[in-house]
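**Student:** Okay, so here is coords-v1.pdb, and as you'll see once you scroll down, it has PDB, C-alpha atoms.
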```pdb
ATOM      1  CA  MET A   1      15.507 -50.060  14.209
ATOM      2  CA  PHE A   2      14.194 -53.248  12.689
ATOM      3  CA  SER A   3      14.655 -56.413  14.734
ATOM      4  CA  THR A   4      16.269 -59.405  13.028
ATOM      5  CA  ASN A   5      14.949 -61.798  15.687
ATOM      6  CA  THR A   6      12.305 -64.215  14.450
ATOM      7  CA  VAL A   7      10.329 -66.592  16.640
ATOM      8  CA  VAL A   8       9.007 -69.744  14.979
ATOM      9  CA  ASP A   9       6.565 -72.087  16.738
ATOM     10  CA  LEU A  10       7.886 -75.560  15.850
ATOM     11  CA  VAL A  11       4.889 -77.224  17.516
ATOM     12  CA  LYS A  12       2.485 -75.466  15.129
ATOM     13  CA  LEU A  13       4.743 -76.240  12.162
ATOM     14  CA  TYR A  14       4.892 -79.915  13.185
ATOM     15  CA  LYS A  15       1.093 -80.071  13.379
ATOM     16  CA  THR A  16       0.832 -78.378   9.977
ATOM     17  CA  TYR A  17       3.076 -80.843   8.136
ATOM     18  CA  PHE A  18       2.560 -84.088  10.072
ATOM     19  CA  ALA A  19      -1.111 -83.719  11.177
ATOM     20  CA  ASN A  20      -0.504 -84.450  14.860
ATOM     21  CA  ASN A  21       1.122 -82.931  17.909
ATOM     22  CA  PRO A  22       4.568 -83.797  19.233
ATOM     23  CA  TYR A  23       4.870 -84.380  22.950
ATOM     24  CA  PHE A  24       6.126 -81.280  24.712
ATOM     25  CA  ILE A  25       6.525 -79.897  28.226
ATOM     26  CA  THR A  26       5.409 -76.387  29.081
ATOM     27  CA  ASP A  27       6.939 -73.756  31.322
ATOM     28  CA  LYS A  28       6.806 -74.828  34.969
ATOM     29  CA  ASP A  29       5.178 -71.499  35.929
ATOM     30  CA  SER A  30       2.278 -71.908  33.500
ATOM     31  CA  MET A  31       0.891 -74.955  35.317
ATOM     32  CA  GLN A  32      -0.612 -76.102  32.029
ATOM     33  CA  PRO A  33      -0.986 -79.757  30.985
ATOM     34  CA  THR A  34       2.086 -81.316  29.415
ATOM     35  CA  THR A  35       0.182 -82.070  26.204
ATOM     36  CA  GLU A  36      -2.589 -80.256  24.347
ATOM     37  CA  GLU A  37      -5.075 -83.129  24.553
ATOM     38  CA  ILE A  38      -4.393 -85.105  27.720
ATOM     39  CA  GLY A  39      -3.313 -83.399  30.893
ATOM     40  CA  TYR A  40      -2.229 -84.259  34.382
ATOM     41  CA  SER A  41      -0.812 -82.286  37.264
ATOM     42  CA  ILE A  42       2.686 -82.574  38.687
ATOM     43  CA  THR A  43       2.708 -81.839  42.405
ATOM     44  CA  SER A  44       6.207 -82.921  43.423
ATOM     45  CA  GLU A  45       9.093 -80.503  43.063
ATOM     46  CA  ASN A  46      11.659 -81.235  40.394
ATOM     47  CA  THR A  47      14.981 -81.580  42.203
ATOM     48  CA  ARG A  48      17.023 -81.731  39.013
ATOM     49  CA  PRO A  49      18.631 -78.352  38.245
ATOM     50  CA  LYS A  50      18.246 -76.696  34.871
ATOM     51  CA  GLY A  51      20.795 -78.028  32.448
ATOM     52  CA  SER A  52      20.753 -81.583  33.812
ATOM     53  CA  ILE A  53      21.552 -84.390  31.380
ATOM     54  CA  ASP A  54      19.716 -87.715  31.649
ATOM     55  CA  TYR A  55      21.570 -90.867  30.662
ATOM     56  CA  SER A  56      20.311 -94.279  29.597
ATOM     57  CA  SER A  57      21.482 -97.562  31.121
ATOM     58  CA  LYS A  58      24.038 -97.653  28.267
ATOM     59  CA  ASN A  59      25.393 -94.276  29.431
ATOM     60  CA  ILE A  60      24.036 -92.526  26.330
ATOM     61  CA  PRO A  61      22.478 -89.070  26.891
ATOM     62  CA  PHE A  62      18.761 -88.681  26.239
ATOM     63  CA  ASN A  63      19.019 -84.915  25.962
ATOM     64  CA  LYS A  64      21.507 -82.134  25.297
ATOM     65  CA  ILE A  65      21.745 -78.430  26.055
ATOM     66  CA  GLY A  66      21.203 -76.128  23.093
ATOM     67  CA  ALA A  67      23.128 -73.019  22.155
ATOM     68  CA  TYR A  68      20.678 -70.844  24.121
ATOM     69  CA  GLY A  69      20.566 -73.031  27.230
ATOM     70  CA  GLN A  70      17.403 -74.907  26.334
ATOM     71  CA  SER A  71      17.089 -78.638  26.910
ATOM     72  CA  ILE A  72      16.774 -80.594  23.650
ATOM     73  CA  TRP A  73      15.280 -84.046  24.172
ATOM     74  CA  PHE A  74      15.928 -87.150  22.088
ATOM     75  CA  PRO A  75      18.165 -85.789  19.314
ATOM     76  CA  VAL A  76      19.390 -88.416  16.864
ATOM     77  CA  LYS A  77      22.510 -88.820  14.775
ATOM     78  CA  LEU A  78      22.779 -90.612  11.429
ATOM     79  CA  ARG A  79      26.119 -91.781  10.075
ATOM     80  CA  ALA A  80      26.887 -93.452   6.731
ATOM     81  CA  VAL A  81      30.274 -95.085   6.227
ATOM     82  CA  GLU A  82      31.753 -95.938   2.813
ATOM     83  CA  GLY A  83      35.280 -97.248   3.165
ATOM     84  CA  SER A  84      37.368 -94.579   4.879
ATOM     85  CA  LEU A  85      34.796 -91.837   4.169
ATOM     86  CA  PHE A  86      31.720 -91.026   6.207
ATOM     87  CA  THR A  87      28.778 -88.615   6.199
ATOM     88  CA  GLU A  88      27.175 -87.631   9.490
ATOM     89  CA  ILE A  89      24.273 -85.425  10.533
ATOM     90  CA  GLU A  90      22.752 -84.656  13.923
ATOM     91  CA  ILE A  91      19.054 -83.803  14.000
ATOM     92  CA  GLU A  92      17.785 -81.960  17.064
ATOM     93  CA  ALA A  93      14.234 -80.913  16.128
ATOM     94  CA  CYS A  94      12.615 -84.301  15.596
ATOM     95  CA  THR A  95      10.384 -87.006  17.019
ATOM     96  CA  VAL A  96      11.112 -90.737  16.914
ATOM     97  CA  GLY A  97       8.418 -93.389  16.666
ATOM     98  CA  VAL A  98       9.206 -97.094  17.084
ATOM     99  CA  ASN A  99       7.157 -99.968  15.677
ATOM    100  CA  LEU A 100       7.774-103.552  16.875
ATOM    101  CA  MET A 101       6.197-106.480  15.032
ATOM    102  CA  LYS A 102       6.195-110.265  15.295
ATOM    103  CA  ASP A 103       5.519-112.938  12.688
ATOM    104  CA  ILE A 104       2.802-115.054  14.283
ATOM    105  CA  ILE A 105       1.700-118.458  12.974
ATOM    106  CA  ARG A 106      -2.008-118.992  13.739
ATOM    107  CA  THR A 107      -3.304-122.558  13.655
ATOM    108  CA  PRO A 108      -7.002-123.340  14.028
ATOM    109  CA  VAL A 109      -7.933-126.122  16.447
ATOM    110  CA  SER A 110     -10.918-128.361  15.830
ATOM    111  CA  GLU A 111     -13.977-127.627  17.953
ATOM    112  CA  ARG A 112     -12.262-124.856  19.887
ATOM    113  CA  LYS A 113     -12.741-121.130  19.844
ATOM    114  CA  GLY A 114      -9.756-119.152  18.620
ATOM    115  CA  LYS A 115      -6.419-120.310  17.236
ATOM    116  CA  VAL A 116      -3.131-121.546  18.611
ATOM    117  CA  LYS A 117      -0.525-118.838  18.174
ATOM    118  CA  GLU A 118       3.180-119.480  17.734
ATOM    119  CA  CYS A 119       5.840-116.785  17.501
ATOM    120  CA  PHE A 120       7.765-117.648  14.332
ATOM    121  CA  ALA A 121      10.113-114.659  14.342
ATOM    122  CA  ILE A 122      10.521-111.090  15.540
ATOM    123  CA  ASP A 123      10.434-108.694  12.610
ATOM    124  CA  ASP A 124      12.859-105.821  12.070
ATOM    125  CA  TYR A 125      12.147-102.834  14.293
ATOM    126  CA  ARG A 126      10.896 -99.849  12.348
ATOM    127  CA  PHE A 127      11.745 -96.250  13.267
ATOM    128  CA  THR A 128       9.770 -93.283  11.983
ATOM    129  CA  ILE A 129      11.613 -89.975  12.330
ATOM    130  CA  LYS A 130       9.786 -86.711  11.659
ATOM    131  CA  GLY A 131      11.296 -83.304  12.133
ATOM    132  CA  PHE A 132      12.878 -80.189  10.733
ATOM    133  CA  LEU A 133      16.207 -79.232   9.215
ATOM    134  CA  ILE A 134      16.916 -75.697  10.431
ATOM    135  CA  GLY A 135      19.354 -73.479   8.560
ATOM    136  CA  LYS A 136      21.664 -71.061  10.333
ATOM    137  CA  ASN A 137      21.256 -67.317   9.829
ATOM    138  CA  GLN A 138      17.815 -67.911   8.281
ATOM    139  CA  LEU A 139      19.296 -69.551   5.190
ATOM    140  CA  VAL A 140      17.909 -72.618   3.430
ATOM    141  CA  PRO A 141      19.585 -75.656   5.067
ATOM    142  CA  GLU A 142      20.975 -76.897   1.756
ATOM    143  CA  ASP A 143      23.997 -78.555   3.373
ATOM    144  CA  GLN A 144      21.813 -80.554   5.774
ATOM    145  CA  ILE A 145      19.434 -81.583   2.989
ATOM    146  CA  ASN A 146      22.373 -82.811   0.901
ATOM    147  CA  LYS A 147      23.790 -84.738   3.863
ATOM    148  CA  LEU A 148      20.481 -86.459   4.556
ATOM    149  CA  LYS A 149      20.078 -87.265   0.849
ATOM    150  CA  LYS A 150      23.633 -88.642   0.671
ATOM    151  CA  ILE A 151      23.064 -90.842   3.717
ATOM    152  CA  PHE A 152      19.831 -92.147   2.204
ATOM    153  CA  GLU A 153      21.579 -93.006  -1.079
ATOM    154  CA  SER A 154      24.633 -94.533   0.583
ATOM    155  CA  PRO A 155      25.242 -98.234  -0.214
ATOM    156  CA  GLY A 156      27.480 -98.524   2.837
ATOM    157  CA  GLU A 157      26.785 -99.087   6.506
ATOM    158  CA  ILE A 158      24.313 -96.693   8.114
ATOM    159  CA  GLU A 159      24.038 -96.225  11.874
ATOM    160  CA  LEU A 160      21.325 -94.598  13.971
ATOM    161  CA  LYS A 161      22.602 -93.143  17.243
ATOM    162  CA  GLY A 162      20.798 -91.598  20.195
ATOM    163  CA  GLY A 163      19.777 -92.399  23.748
ATOM    164  CA  TYR A 164      16.179 -93.222  22.852
ATOM    165  CA  PRO A 165      16.538 -95.305  19.641
ATOM    166  CA  GLU A 166      19.476 -97.219  21.095
ATOM    167  CA  ILE A 167      17.154 -98.624  23.770
ATOM    168  CA  PHE A 168      15.803-100.802  20.959
ATOM    169  CA  LEU A 169      19.082-101.292  19.077
ATOM    170  CA  GLU A 170      20.602-103.910  21.352
ATOM    171  CA  ASP A 171      22.656-105.999  18.911
ATOM    172  CA  SER A 172      23.742-103.305  16.482
ATOM    173  CA  CYS A 173      23.021 -99.691  15.532
ATOM    174  CA  ARG A 174      22.946-100.613  11.839
ATOM    175  CA  VAL A 175      19.802 -99.536   9.990
ATOM    176  CA  ALA A 176      18.501 -99.383   6.438
ATOM    177  CA  ILE A 177      16.605 -96.286   5.314
ATOM    178  CA  SER A 178      13.561 -97.406   3.358
ATOM    179  CA  SER A 179      12.083 -93.972   2.633
ATOM    180  CA  LEU A 180      12.892 -90.271   2.899
ATOM    181  CA  ASP A 181      10.275 -87.625   2.257
ATOM    182  CA  PHE A 182      10.499 -83.828   2.042
ATOM    183  CA  PRO A 183       6.848 -82.676   2.033
ATOM    184  CA  GLU A 184       5.640 -79.703   0.048
ATOM    185  CA  VAL A 185       6.170 -76.420   1.862
ATOM    186  CA  GLN A 186       4.074 -73.361   1.075
ATOM    187  CA  GLY A 187       5.977 -70.239   2.020
ATOM    188  CA  LYS A 188       6.447 -69.819   5.771
ATOM    189  CA  ALA A 189       9.999 -69.958   7.148
ATOM    190  CA  VAL A 190      12.241 -70.862   4.215
ATOM    191  CA  TRP A 191      15.096 -71.841   6.553
ATOM    192  CA  ILE A 192      13.026 -74.593   8.203
ATOM    193  CA  ARG A 193      12.513 -77.677   6.017
ATOM    194  CA  PRO A 194      10.283 -80.520   7.273
ATOM    195  CA  PHE A 195      11.164 -84.127   6.510
ATOM    196  CA  SER A 196      10.115 -87.634   7.458
ATOM    197  CA  MET A 197      11.934 -90.928   7.070
ATOM    198  CA  ILE A 198      11.461 -94.607   7.840
ATOM    199  CA  LEU A 199      14.358 -96.790   8.964
ATOM    200  CA  GLU A 200      14.551-100.499   9.727
ATOM    201  CA  THR A 201      17.047-102.442  11.784
ATOM    202  CA  ASP A 202      19.689-104.146   9.652
ATOM    203  CA  TYR A 203      21.352-106.984  11.535
ATOM    204  CA  ILE A 204      22.543-108.739   8.378
ATOM    205  CA  GLU A 205      26.185-108.188   7.452
ATOM    206  CA  ASP A 206      25.552-107.008   3.897
ATOM    207  CA  LEU A 207      22.632-104.976   2.531
ATOM    208  CA  ILE A 208      21.678-106.459  -0.837
ATOM    209  CA  ILE A 209      20.692-103.825  -3.412
ATOM    210  CA  THR A 210      18.871-105.148  -6.476
TER
END
```
Show me the file's structure as structure tokens.
**Tutor:**
Amino acid sequence: MFSTNTVVDLVKLYKTYFANNPYFITDKDSMQPTTEEIGYSITSENTRPKGSIDYSSKNIPFNKIGAYGQSIWFPVKLRAVEGSLFTEIEIEACTVGVNLMKDIIRTPVSERKGKVKECFAIDDYRFTIKGFLIGKNQLVPEDQINKLKKIFESPGEIELKGGYPEIFLEDSCRVAISSLDFPEVQGKAVWIRPFSMILETDYIEDLIIT
């Protein structure tokens, strides 16, 4: 009999398409470092049973339990609302990077080394999400691609949800998607489509499209 089970190494795929390694934790019995480059040992016993859910101070879960009992860390959910209609997608296989910037005014001072620095404003937080859309039954995830495309094109309110990104989204979960990229894929698993997107906080009531 031919087996229909297929094992895909998402870590290798991530490195192939995004040129770096996502953070991951290995099997506790392997005693290997928790990353491929930088390692450290964990000597204390983990008292949390398998299947535990960690919550943020806002009572939002950081992780969830997958269909096969595995712990999925830092999934995110995107939701676009247009009137009474909405489009929503949850992305489990992804990483989230956060970039915080300030607008600094630098003023030189006569006969002194350096400059006087004044914080003029805190810029919008920028989120970089990289990951995979995975189709069920080894089919191309056309529905998920269309949802992500529709959310990107939506002129309405867009929200980014998740335990990790909401640490930084204190005032509102509103975001604006500035870019969405589906990189070229050469063969491999046709039911796994990589993507990357950049989002910025949107605390203004109306997004102006010109």
**Student:** Which residues, written as a ChimeraX atom specification, have at least one atom at most 12 Å from Thr95 of chain A, with only C-alpha atoms counted and residues fewer than 2 positions away on the same chain left out?
**Tutor:** /A:10-11,14,18,20-24,72-76,91-93,97-98,127-132,162,164-165,194-198
**Student:** Nearest to Lys58 of chain A among A:Pro108, A:Pro155, A:Gly163, A:Gly135, with distances taken over only C-alpha atoms: which residue is it?
**Tutor:**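 The closest residue to Lys58 of chain A is A:Gly163.
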**Student:** If you apply the PyMOL selection byres ((chain A and resi 183) around 8) to this file, what residues do you get, as a short mmCIF file (atom, residue, chain, number, x, y, z; two decimals) with C-alpha atoms, keeping the file's coordinate frame?
**Tutor:**
```cif
data_model
loop_
_atom_site.label_atom_id
_atom_site.label_comp_id
_atom_site.auth_asym_id
_atom_site.auth_seq_id
_atom_site.Cartn_x
_atom_site.Cartn_y
_atom_site.Cartn_z
CA TYR A 17 3.08 -80.84 8.14
CA ASP A 181 10.28 -87.62 2.26
CA PHE A 182 10.50 -83.83 2.04
CA GLU A 184 5.64 -79.70 0.05
CA VAL A 185 6.17 -76.42 1.86
CA PRO A 194 10.28 -80.52 7.27
CA PHE A 195 11.16 -84.13 6.51
#
```
**Student:** Can you tell me, as a VMD selection string, what residues are no more than 12 Å from Val140 of chain A when counting all atoms listed in the file, ignoring any on the same chain fewer than 3 positions away?
**Tutor:** chain A and resid 132 to 137 143 to 146 189 to 194
**Student:** Carefully work through the PyMOL selection byres ((chain A and resi 201-203) around 12) for this structure and note down the residues it includes, as a PDB file with C-alpha atoms, in the coordinates of the input.
**Tutor:**
```pdb
ATOM      1  CA  VAL A  98       9.206 -97.094  17.084  1.00  0.00           C
ATOM      2  CA  ASN A  99       7.157 -99.968  15.677  1.00  0.00           C
ATOM      3  CA  LEU A 100       7.774-103.552  16.875  1.00  0.00           C
ATOM      4  CA  ILE A 122      10.521-111.090  15.540  1.00  0.00           C
ATOM      5  CA  ASP A 123      10.434-108.694  12.610  1.00  0.00           C
ATOM      6  CA  ASP A 124      12.859-105.821  12.070  1.00  0.00           C
ATOM      7  CA  TYR A 125      12.147-102.834  14.293  1.00  0.00           C
ATOM      8  CA  ARG A 126      10.896 -99.849  12.348  1.00  0.00           C
ATOM      9  CA  PHE A 127      11.745 -96.250  13.267  1.00  0.00           C
ATOM     10  CA  THR A 128       9.770 -93.283  11.983  1.00  0.00           C
ATOM     11  CA  GLY A 156      27.480 -98.524   2.837  1.00  0.00           C
ATOM     12  CA  GLU A 157      26.785 -99.087   6.506  1.00  0.00           C
ATOM     13  CA  ILE A 158      24.313 -96.693   8.114  1.00  0.00           C
ATOM     14  CA  GLU A 159      24.038 -96.225  11.874  1.00  0.00           C
ATOM     15  CA  LEU A 160      21.325 -94.598  13.971  1.00  0.00           C
ATOM     16  CA  PRO A 165      16.538 -95.305  19.641  1.00  0.00           C
ATOM     17  CA  GLU A 166      19.476 -97.219  21.095  1.00  0.00           C
ATOM     18  CA  PHE A 168      15.803-100.802  20.959  1.00  0.00           C
ATOM     19  CA  LEU A 169      19.082-101.292  19.077  1.00  0.00           C
ATOM     20  CA  GLU A 170      20.602-103.910  21.352  1.00  0.00           C
ATOM     21  CA  ASP A 171      22.656-105.999  18.911  1.00  0.00           C
ATOM     22  CA  SER A 172      23.742-103.305  16.482  1.00  0.00           C
ATOM     23  CA  CYS A 173      23.021 -99.691  15.532  1.00  0.00           C
ATOM     24  CA  ARG A 174      22.946-100.613  11.839  1.00  0.00           C
ATOM     25  CA  VAL A 175      19.802 -99.536   9.990  1.00  0.00           C
ATOM     26  CA  ALA A 176      18.501 -99.383   6.438  1.00  0.00           C
ATOM     27  CA  ILE A 177      16.605 -96.286   5.314  1.00  0.00           C
ATOM     28  CA  SER A 178      13.561 -97.406   3.358  1.00  0.00           C
ATOM     29  CA  ILE A 198      11.461 -94.607   7.840  1.00  0.00           C
ATOM     30  CA  LEU A 199      14.358 -96.790   8.964  1.00  0.00           C
ATOM     31  CA  GLU A 200      14.551-100.499   9.727  1.00  0.00           C
ATOM     32  CA  ILE A 204      22.543-108.739   8.378  1.00  0.00           C
ATOM     33  CA  GLU A 205      26.185-108.188   7.452  1.00  0.00           C
ATOM     34  CA  ASP A 206      25.552-107.008   3.897  1.00  0.00           C
ATOM     35  CA  LEU A 207      22.632-104.976   2.531  1.00  0.00           C
ATOM     36  CA  ILE A 208      21.678-106.459  -0.837  1.00  0.00           C
TER      37      ILE A 208
END
```
**Student:** Kindly give the distance, in Å, that separates atom CA of Ser56 of chain A and atom CA of Ala80 of chain A, rounded to a single decimal.
**Tutor:**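 Between atom CA of Ser56 of chain A and atom CA of Ala80 of chain A the gap is 23.8 Å.
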**Student:** Check which residues satisfy the PyMOL selection byres ((chain A and resi 121) around 10) in the file shown, then give them as a PDB file with C-alpha atoms, in the frame of the given file.
**Tutor:**
```pdb
ATOM      1  CA  MET A 101       6.197-106.480  15.032  1.00  0.00           C
ATOM      2  CA  LYS A 102       6.195-110.265  15.295  1.00  0.00           C
ATOM      3  CA  ASP A 103       5.519-112.938  12.688  1.00  0.00           C
ATOM      4  CA  ILE A 104       2.802-115.054  14.283  1.00  0.00           C
ATOM      5  CA  ILE A 105       1.700-118.458  12.974  1.00  0.00           C
ATOM      6  CA  GLU A 118       3.180-119.480  17.734  1.00  0.00           C
ATOM      7  CA  CYS A 119       5.840-116.785  17.501  1.00  0.00           C
ATOM      8  CA  PHE A 120       7.765-117.648  14.332  1.00  0.00           C
ATOM      9  CA  ILE A 122      10.521-111.090  15.540  1.00  0.00           C
ATOM     10  CA  ASP A 123      10.434-108.694  12.610  1.00  0.00           C
ATOM     11  CA  ASP A 124      12.859-105.821  12.070  1.00  0.00           C
TER      12      ASP A 124
END
```
**Student:** If the box runs along x, y and z of the file and leaves 5 Å on each side of segment 55-69 of chain A, what are its centre and edge lengths in Å, one decimal, as JSON?
**Tutor:**
```
{"center_x": 22.1, "center_y": -84.2, "center_z": 26.6, "size_x": 16.6, "size_y": 36.8, "size_z": 19.0}
```
**Student:** N, CA and C atoms are needed for segment 157-174 of chain A; please write them out as an mmCIF file, in the coordinates of the input.
**Tutor:**
```
data_model
loop_
_atom_site.group_PDB
_atom_site.id
_atom_site.type_symbol
_atom_site.label_atom_id
_atom_site.label_comp_id
_atom_site.auth_asym_id
_atom_site.auth_seq_id
_atom_site.Cartn_x
_atom_site.Cartn_y
_atom_site.Cartn_z
ATOM 1 N N GLU A 157 27.402 -98.851 5.196
ATOM 2 C CA GLU A 157 26.785 -99.087 6.506
ATOM 3 C C GLU A 157 26.217 -97.780 7.049
ATOM 4 N N ILE A 158 24.988 -97.851 7.539
ATOM 5 C CA ILE A 158 24.313 -96.693 8.114
ATOM 6 C C ILE A 158 23.987 -96.992 9.567
ATOM 7 N N GLU A 159 24.294 -96.049 10.445
ATOM 8 C CA GLU A 159 24.038 -96.225 11.874
ATOM 9 C C GLU A 159 23.105 -95.137 12.379
ATOM 10 N N LEU A 160 22.224 -95.528 13.293
ATOM 11 C CA LEU A 160 21.325 -94.598 13.971
ATOM 12 C C LEU A 160 21.746 -94.528 15.437
ATOM 13 N N LYS A 161 22.119 -93.328 15.882
ATOM 14 C CA LYS A 161 22.602 -93.143 17.243
ATOM 15 C C LYS A 161 21.655 -92.226 18.015
ATOM 16 N N GLY A 162 21.619 -92.434 19.327
ATOM 17 C CA GLY A 162 20.798 -91.598 20.195
ATOM 18 C C GLY A 162 20.328 -92.383 21.401
ATOM 19 N N GLY A 163 20.170 -91.702 22.524
ATOM 20 C CA GLY A 163 19.777 -92.399 23.748
ATOM 21 C C GLY A 163 18.478 -93.153 23.631
ATOM 22 N N TYR A 164 17.482 -92.551 22.964
ATOM 23 C CA TYR A 164 16.179 -93.222 22.852
ATOM 24 C C TYR A 164 16.184 -94.369 21.851
ATOM 25 N N PRO A 165 16.578 -94.173 20.577
ATOM 26 C CA PRO A 165 16.538 -95.305 19.641
ATOM 27 C C PRO A 165 17.449 -96.452 20.035
ATOM 28 N N GLU A 166 18.558 -96.147 20.734
ATOM 29 C CA GLU A 166 19.476 -97.219 21.095
ATOM 30 C C GLU A 166 18.952 -98.089 22.235
ATOM 31 N N ILE A 167 17.828 -97.705 22.840
ATOM 32 C CA ILE A 167 17.154 -98.624 23.770
ATOM 33 C C ILE A 167 16.718 -99.880 23.021
ATOM 34 N N PHE A 168 16.326 -99.700 21.760
ATOM 35 C CA PHE A 168 15.803 -100.802 20.959
ATOM 36 C C PHE A 168 16.883 -101.454 20.093
ATOM 37 N N LEU A 169 18.005 -100.767 19.913
ATOM 38 C CA LEU A 169 19.082 -101.292 19.077
ATOM 39 C C LEU A 169 20.107 -102.002 19.964
ATOM 40 N N GLU A 170 19.756 -103.195 20.402
ATOM 41 C CA GLU A 170 20.602 -103.910 21.352
ATOM 42 C C GLU A 170 21.799 -104.576 20.680
ATOM 43 N N ASP A 171 21.589 -105.239 19.560
ATOM 44 C CA ASP A 171 22.656 -105.999 18.911
ATOM 45 C C ASP A 171 23.564 -105.123 18.060
ATOM 46 N N SER A 172 22.985 -104.146 17.393
ATOM 47 C CA SER A 172 23.742 -103.305 16.482
ATOM 48 C C SER A 172 22.957 -102.031 16.210
ATOM 49 N N CYS A 173 23.670 -100.957 15.888
ATOM 50 C CA CYS A 173 23.021 -99.691 15.532
ATOM 51 C C CYS A 173 22.825 -99.557 14.029
ATOM 52 N N ARG A 174 23.114 -100.639 13.294
ATOM 53 C CA ARG A 174 22.946 -100.613 11.839
ATOM 54 C C ARG A 174 21.468 -100.530 11.461
#
```
